[in-house]
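Chemist: To be precise about what I am sending: the file is called run38.pdb and holds PDB, C-alpha atoms.
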```pdb
ATOM      1  CA  MET N   1     231.853 -76.942  30.296
ATOM      2  CA  ILE N   2     232.255 -75.468  26.841
ATOM      3  CA  VAL N   3     233.150 -78.082  24.269
ATOM      4  CA  ASP N   4     234.826 -76.985  21.062
ATOM      5  CA  GLN N   5     234.557 -79.440  18.204
ATOM      6  CA  ASP N   6     236.930 -78.487  15.378
ATOM      7  CA  LEU N   7     235.963 -80.499  12.319
ATOM      8  CA  GLU N   8     238.890 -79.154  10.307
ATOM      9  CA  SER N   9     241.502 -80.555  12.694
ATOM     10  CA  GLY N  10     239.294 -83.382  13.970
ATOM     11  CA  THR N  11     239.639 -82.393  17.618
ATOM     12  CA  ILE N  12     237.303 -81.937  20.557
ATOM     13  CA  THR N  13     238.511 -79.763  23.446
ATOM     14  CA  ASP N  14     237.170 -78.308  26.662
ATOM     15  CA  GLY N  15     239.220 -75.471  28.112
ATOM     16  CA  GLY N  16     242.251 -76.644  26.173
ATOM     17  CA  ILE N  17     241.901 -80.236  27.392
ATOM     18  CA  ARG N  18     241.500 -82.682  24.516
ATOM     19  CA  TYR N  19     238.788 -85.327  24.446
ATOM     20  CA  MET N  20     237.628 -87.948  21.970
ATOM     21  CA  LEU N  21     234.542 -89.990  21.391
ATOM     22  CA  MET N  22     234.928 -93.758  21.609
ATOM     23  CA  ARG N  23     232.487 -96.617  21.904
ATOM     24  CA  PRO N  24     232.589 -98.080  25.428
ATOM     25  CA  ASP N  25     232.580-101.667  24.137
ATOM     26  CA  VAL N  26     235.765-100.926  22.170
ATOM     27  CA  LEU N  27     237.496 -99.460  25.229
ATOM     28  CA  MET N  28     236.379-102.144  27.669
ATOM     29  CA  GLY N  29     237.000-104.852  25.068
ATOM     30  CA  ILE N  30     240.706-104.195  25.605
ATOM     31  CA  GLY N  31     240.288-105.699  29.061
ATOM     32  CA  ARG N  32     238.617-108.779  27.650
ATOM     33  CA  VAL N  33     241.234-109.418  24.950
ATOM     34  CA  SER N  34     244.141-108.651  27.296
ATOM     35  CA  GLY N  35     243.295-111.703  29.359
ATOM     36  CA  SER N  36     242.960-109.880  32.678
ATOM     37  CA  THR N  37     239.990-107.589  33.100
ATOM     38  CA  THR N  38     240.942-106.905  36.721
ATOM     39  CA  GLN N  39     244.446-105.689  35.788
ATOM     40  CA  PHE N  40     243.033-103.658  32.895
ATOM     41  CA  VAL N  41     240.400-101.984  35.100
ATOM     42  CA  ALA N  42     243.022-101.234  37.793
ATOM     43  CA  ALA N  43     245.388 -99.711  35.218
ATOM     44  CA  LEU N  44     242.559 -97.677  33.704
ATOM     45  CA  GLU N  45     241.581 -96.422  37.174
ATOM     46  CA  GLU N  46     245.118 -95.259  37.923
ATOM     47  CA  SER N  47     245.532 -93.600  34.524
ATOM     48  CA  VAL N  48     242.216 -91.786  34.877
ATOM     49  CA  PHE N  49     243.182 -90.681  38.404
ATOM     50  CA  GLN N  50     246.513 -89.248  37.285
ATOM     51  CA  ASN N  51     245.201 -87.514  34.171
ATOM     52  CA  ALA N  52     241.936 -86.300  35.714
ATOM     53  CA  GLN N  53     243.873 -84.812  38.603
ATOM     54  CA  ALA N  54     245.779 -82.676  36.084
ATOM     55  CA  SER N  55     242.510 -81.628  34.420
ATOM     56  CA  PHE N  56     240.883 -80.770  37.738
ATOM     57  CA  GLU N  57     243.918 -78.657  38.662
ATOM     58  CA  GLU N  58     243.327 -76.627  35.482
ATOM     59  CA  TYR N  59     239.611 -76.322  36.298
ATOM     60  CA  ARG N  60     240.503 -75.213  39.851
ATOM     61  CA  LYS N  61     242.747 -72.452  38.449
ATOM     62  CA  LEU N  62     239.783 -71.264  36.391
ATOM     63  CA  GLY N  63     237.583 -71.162  39.511
ATOM     64  CA  LEU N  64     235.482 -74.114  38.370
ATOM     65  CA  MET N  65     236.181 -76.248  41.441
ATOM     66  CA  ASP N  66     234.538 -73.902  43.918
ATOM     67  CA  GLY N  67     231.279 -74.789  45.652
ATOM     68  CA  ASP N  68     229.654 -78.178  45.176
ATOM     69  CA  PHE N  69     232.463 -79.879  43.266
ATOM     70  CA  LEU N  70     230.794 -83.294  43.352
ATOM     71  CA  SER N  71     227.607 -82.017  41.672
ATOM     72  CA  ALA N  72     229.697 -80.156  39.097
ATOM     73  CA  THR N  73     231.604 -83.349  38.375
ATOM     74  CA  ALA N  74     228.336 -85.264  38.022
ATOM     75  CA  THR N  75     227.056 -82.718  35.509
ATOM     76  CA  ALA N  76     230.297 -82.876  33.511
ATOM     77  CA  ALA N  77     230.236 -86.683  33.608
ATOM     78  CA  ALA N  78     226.749 -86.738  32.080
ATOM     79  CA  ARG N  79     227.868 -84.346  29.332
ATOM     80  CA  LEU N  80     230.802 -86.612  28.519
ATOM     81  CA  GLY N  81     228.687 -89.773  28.370
ATOM     82  CA  TRP N  82     229.803 -91.217  31.712
ATOM     83  CA  GLY N  83     226.233 -91.931  32.868
ATOM     84  CA  ARG N  84     223.948 -90.075  35.277
ATOM     85  CA  TRP N  85     225.544 -89.557  38.683
ATOM     86  CA  THR N  86     223.784 -88.745  41.926
ATOM     87  CA  ALA N  87     225.707 -88.080  45.123
ATOM     88  CA  ARG N  88     224.680 -87.860  48.753
ATOM     89  CA  GLN N  89     226.445 -87.717  52.065
ATOM     90  CA  SER N  90     226.749 -91.104  53.697
ATOM     91  CA  ASP N  91     227.089 -89.888  57.263
ATOM     92  CA  GLY N  92     226.436 -86.895  59.457
ATOM     93  CA  ASP N  93     229.972 -85.497  59.543
ATOM     94  CA  GLY N  94     230.034 -84.472  55.863
ATOM     95  CA  GLU N  95     233.143 -86.519  55.127
ATOM     96  CA  GLY N  96     231.694 -89.595  53.419
ATOM     97  CA  PHE N  97     229.638 -89.824  50.242
ATOM     98  CA  ILE N  98     227.741 -92.361  48.216
ATOM     99  CA  VAL N  99     227.654 -91.903  44.449
ATOM    100  CA  GLU N 100     225.243 -93.859  42.282
ATOM    101  CA  VAL N 101     225.775 -94.041  38.536
ATOM    102  CA  GLN N 102     222.979 -94.998  36.181
ATOM    103  CA  ASP N 103     224.046 -96.189  32.725
ATOM    104  CA  SER N 104     227.790 -96.454  33.350
ATOM    105  CA  PRO N 105     229.481 -96.752  29.945
ATOM    106  CA  PHE N 106     232.129 -98.996  31.515
ATOM    107  CA  ALA N 107     229.634-101.560  32.817
ATOM    108  CA  PHE N 108     227.755-101.343  29.500
ATOM    109  CA  GLY N 109     230.973-101.739  27.503
ATOM    110  CA  MET N 110     232.197-104.718  29.516
ATOM    111  CA  GLY N 111     228.899-106.569  29.646
ATOM    112  CA  ALA N 112     228.284-109.311  32.199
ATOM    113  CA  CYS N 113     231.268-109.757  34.471
ATOM    114  CA  ASP N 114     231.952-111.358  37.851
ATOM    115  CA  HIS N 115     233.619-108.247  39.299
ATOM    116  CA  ALA N 116     233.178-104.480  39.354
ATOM    117  CA  VAL N 117     234.540-102.779  36.219
ATOM    118  CA  CYS N 118     234.015 -99.034  36.710
ATOM    119  CA  GLY N 119     237.577 -98.224  37.725
ATOM    120  CA  PRO N 120     237.584 -95.035  35.629
ATOM    121  CA  ILE N 121     234.792 -93.623  37.794
ATOM    122  CA  VAL N 122     236.768 -94.591  40.907
ATOM    123  CA  GLY N 123     239.740 -92.697  39.432
ATOM    124  CA  ILE N 124     237.650 -89.595  38.739
ATOM    125  CA  LEU N 125     236.196 -89.597  42.256
ATOM    126  CA  ARG N 126     239.671 -89.947  43.789
ATOM    127  CA  ALA N 127     241.034 -87.125  41.602
ATOM    128  CA  VAL N 128     238.222 -84.646  42.175
ATOM    129  CA  HIS N 129     238.462 -85.055  45.945
ATOM    130  CA  ARG N 130     242.250 -84.729  45.885
ATOM    131  CA  VAL N 131     242.032 -81.401  44.031
ATOM    132  CA  ALA N 132     238.839 -79.909  45.478
ATOM    133  CA  ARG N 133     239.380 -80.893  49.093
ATOM    134  CA  GLY N 134     243.130 -81.332  49.238
ATOM    135  CA  GLN N 135     242.799 -84.830  50.631
ATOM    136  CA  GLY N 136     242.917 -88.380  49.411
ATOM    137  CA  VAL N 137     239.885 -90.579  49.714
ATOM    138  CA  ALA N 138     239.204 -94.287  49.631
ATOM    139  CA  VAL N 139     236.704 -95.058  46.873
ATOM    140  CA  VAL N 140     235.128 -98.499  46.578
ATOM    141  CA  GLU N 141     232.674 -99.666  43.942
ATOM    142  CA  THR N 142     230.237-101.632  46.085
ATOM    143  CA  ALA N 143     227.806-102.561  43.298
ATOM    144  CA  CYS N 144     228.263-102.744  39.531
ATOM    145  CA  ALA N 145     225.727-103.028  36.736
ATOM    146  CA  ALA N 146     228.127-105.437  34.985
ATOM    147  CA  GLN N 147     227.472-107.778  37.921
ATOM    148  CA  GLY N 148     223.713-107.369  37.581
ATOM    149  CA  ALA N 149     223.138-104.482  40.001
ATOM    150  CA  PRO N 150     220.513-101.894  38.983
ATOM    151  CA  CYS N 151     223.227 -99.195  39.041
ATOM    152  CA  CYS N 152     226.866 -98.787  39.969
ATOM    153  CA  THR N 153     227.398 -97.588  43.538
ATOM    154  CA  PHE N 154     230.540 -96.082  45.027
ATOM    155  CA  THR N 155     231.383 -95.263  48.630
ATOM    156  CA  ILE N 156     233.813 -92.454  49.349
ATOM    157  CA  ALA N 157     235.505 -92.088  52.733
ATOM    158  CA  PRO N 158     238.455 -90.052  53.976
ATOM    159  CA  GLU N 159     241.648 -91.934  53.359
ATOM    160  CA  THR N 160     243.171 -93.572  56.408
ATOM    161  CA  ALA N 161     246.187 -95.052  54.618
ATOM    162  CA  PRO N 162     248.679 -93.210  52.402
ATOM    163  CA  GLU N 163     247.571 -92.448  48.810
ATOM    164  CA  ARG N 164     248.415 -95.338  46.534
TER
END
```
In structure tokens, what does this structure look like?

Modeler:
Amino acid sequence: MIVDQDLESGTITDGGIRYMLMRPDVLMGIGRVSGSTTQFVAALEESVFQNAQASFEEYRKLGLMDGDFLSATATAAARLGWGRWTARQSDGDGEGFIVEVQDSPFAFGMGACDHAVCGPIVGILRAVHRVARGQGVAVVETACAAQGAPCCTFTIAPETAPER
């Protein structure tokens, strides 16, 4: 990942893909003021999935999706402020994974909540698998720091139902 910060134009890009810096409490505060944090998180997940899939397609064309795509995504996530991700296989067949995220900006930005709020990470994990492996996956956040868990935990399994 090579980030180009152009102070003259006020842009930040990586391989032609534009980024911006934003406080996580401002972003997640939208969910609080909208009146439905669950709908906001679901919409954010779907938007991240759709847009990240396009980004990952560009990265794949550049040869950046070869090899251990999940570790590469974890490294990129840390560089972008999305917390520290660790991934491991959840079973012996190599199909399922568990991803743990320390310091999720989404849980931090939301604060205490009665449900999981890291939909953007779910969206990224769905997108990276779709592009790197050519298959959909079911991703579930099974623990969230916003609910008091020590870290956010996600299970990833091959999709058994059609992609939503």

Chemist: Quick one: residues within 10 Å of Ala127 in chain N, only C-alpha atoms, excluding same-chain residues fewer than 4 positions away - as a list in words?

Modeler: Glu46, Val48, Phe49, Gln50, Asn51, Ala52, Gln53, Ala54, Ser55, Phe56, Glu57, Ile121, Val122, Gly123, Val131, Ala132, Arg133, Gly134, Gln135, Gly136 and Val137 of chain N

Chemist: Distance CA of Arg130 in chain N-CA of Glu45 in chain N, one decimal place?

Modeler: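 Going from CA of Arg130 in chain N over to CA of Glu45 in chain N covers 14.6 Å.
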
Chemist: Given the file shown, enumerate the residues that the PyMOL selection byres ((chain N and resi 154-160) around 7) captures and present them as a VMD selection string.

Modeler: chain N and resid 95 to 100 136 to 142 152 to 153 161 to 162

Chemist: Could you give me, as a tab-separated table, a per-residue list for range 79-158 of chain N showing, wherever an atom lies at most 9 Å from an atom of range 16-24 of chain N, the closest pair of atoms and their distance in Å to one decimal, using only C-alpha atoms and sorting by chain then residue number from low to high?

Modeler:
```
residue	atom	partner	partner_atom	distance
N:Leu80	CA	N:Leu21	CA	8.7
N:Pro105	CA	N:Pro24	CA	5.6
N:Phe106	CA	N:Pro24	CA	6.2
N:Ala107	CA	N:Pro24	CA	8.7
N:Phe108	CA	N:Pro24	CA	7.1
N:Gly109	CA	N:Pro24	CA	4.5
N:Met110	CA	N:Pro24	CA	7.8
```

Chemist: Based on the selection just made, write C-alpha atoms of those residues as an mmCIF file, in the frame of the given file.

Modeler:
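What follows is the written file out-v6.cif:
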```cif
data_model
loop_
_atom_site.group_PDB
_atom_site.id
_atom_site.type_symbol
_atom_site.label_atom_id
_atom_site.label_comp_id
_atom_site.auth_asym_id
_atom_site.auth_seq_id
_atom_site.Cartn_x
_atom_site.Cartn_y
_atom_site.Cartn_z
ATOM 1 C CA LEU N 80 230.802 -86.612 28.519
ATOM 2 C CA PRO N 105 229.481 -96.752 29.945
ATOM 3 C CA PHE N 106 232.129 -98.996 31.515
ATOM 4 C CA ALA N 107 229.634 -101.560 32.817
ATOM 5 C CA PHE N 108 227.755 -101.343 29.500
ATOM 6 C CA GLY N 109 230.973 -101.739 27.503
ATOM 7 C CA MET N 110 232.197 -104.718 29.516
#
```

Chemist: List, as a list in words, every residue that the PyMOL selection byres ((chain N and resi 145) around 10) selects in the file provided.

Modeler: Val101, Gln102, Asp103, Ser104, Pro105, Phe106, Ala107, Phe108, Met110, Gly111, Ala112, Cys113, His115, Ala116, Val117, Cys118, Ala143, Cys144, Ala146, Gln147, Gly148, Ala149, Pro150, Cys151, Cys152 and Thr153 of chain N

Chemist: Record the distance separating CA of Val26 in chain N and CA of Phe40 in chain N, expressed in Å with one decimal.

Modeler: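 Between CA of Val26 in chain N and CA of Phe40 in chain N the gap is 13.2 Å.
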
Chemist: So the first atom is CA of Tyr59 in chain N and the second is CA of Gly15 in chain N; what is the distance between them in Å, to one decimal place?

Modeler: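 Computing it gives 8.2 Å between the two atoms.
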
Chemist: As AutoDock Vina command-line options, please report the centre and edge lengths, rounded to one decimal in Å, of the axis-aligned box that holds all listed atoms of range 123-134 of chain N with 4 Å of padding on each of the six sides.

Modeler:
```
--center_x 239.7 --center_y -86.3 --center_z 44.0 --size_x 14.9 --size_y 20.8 --size_z 18.5
```
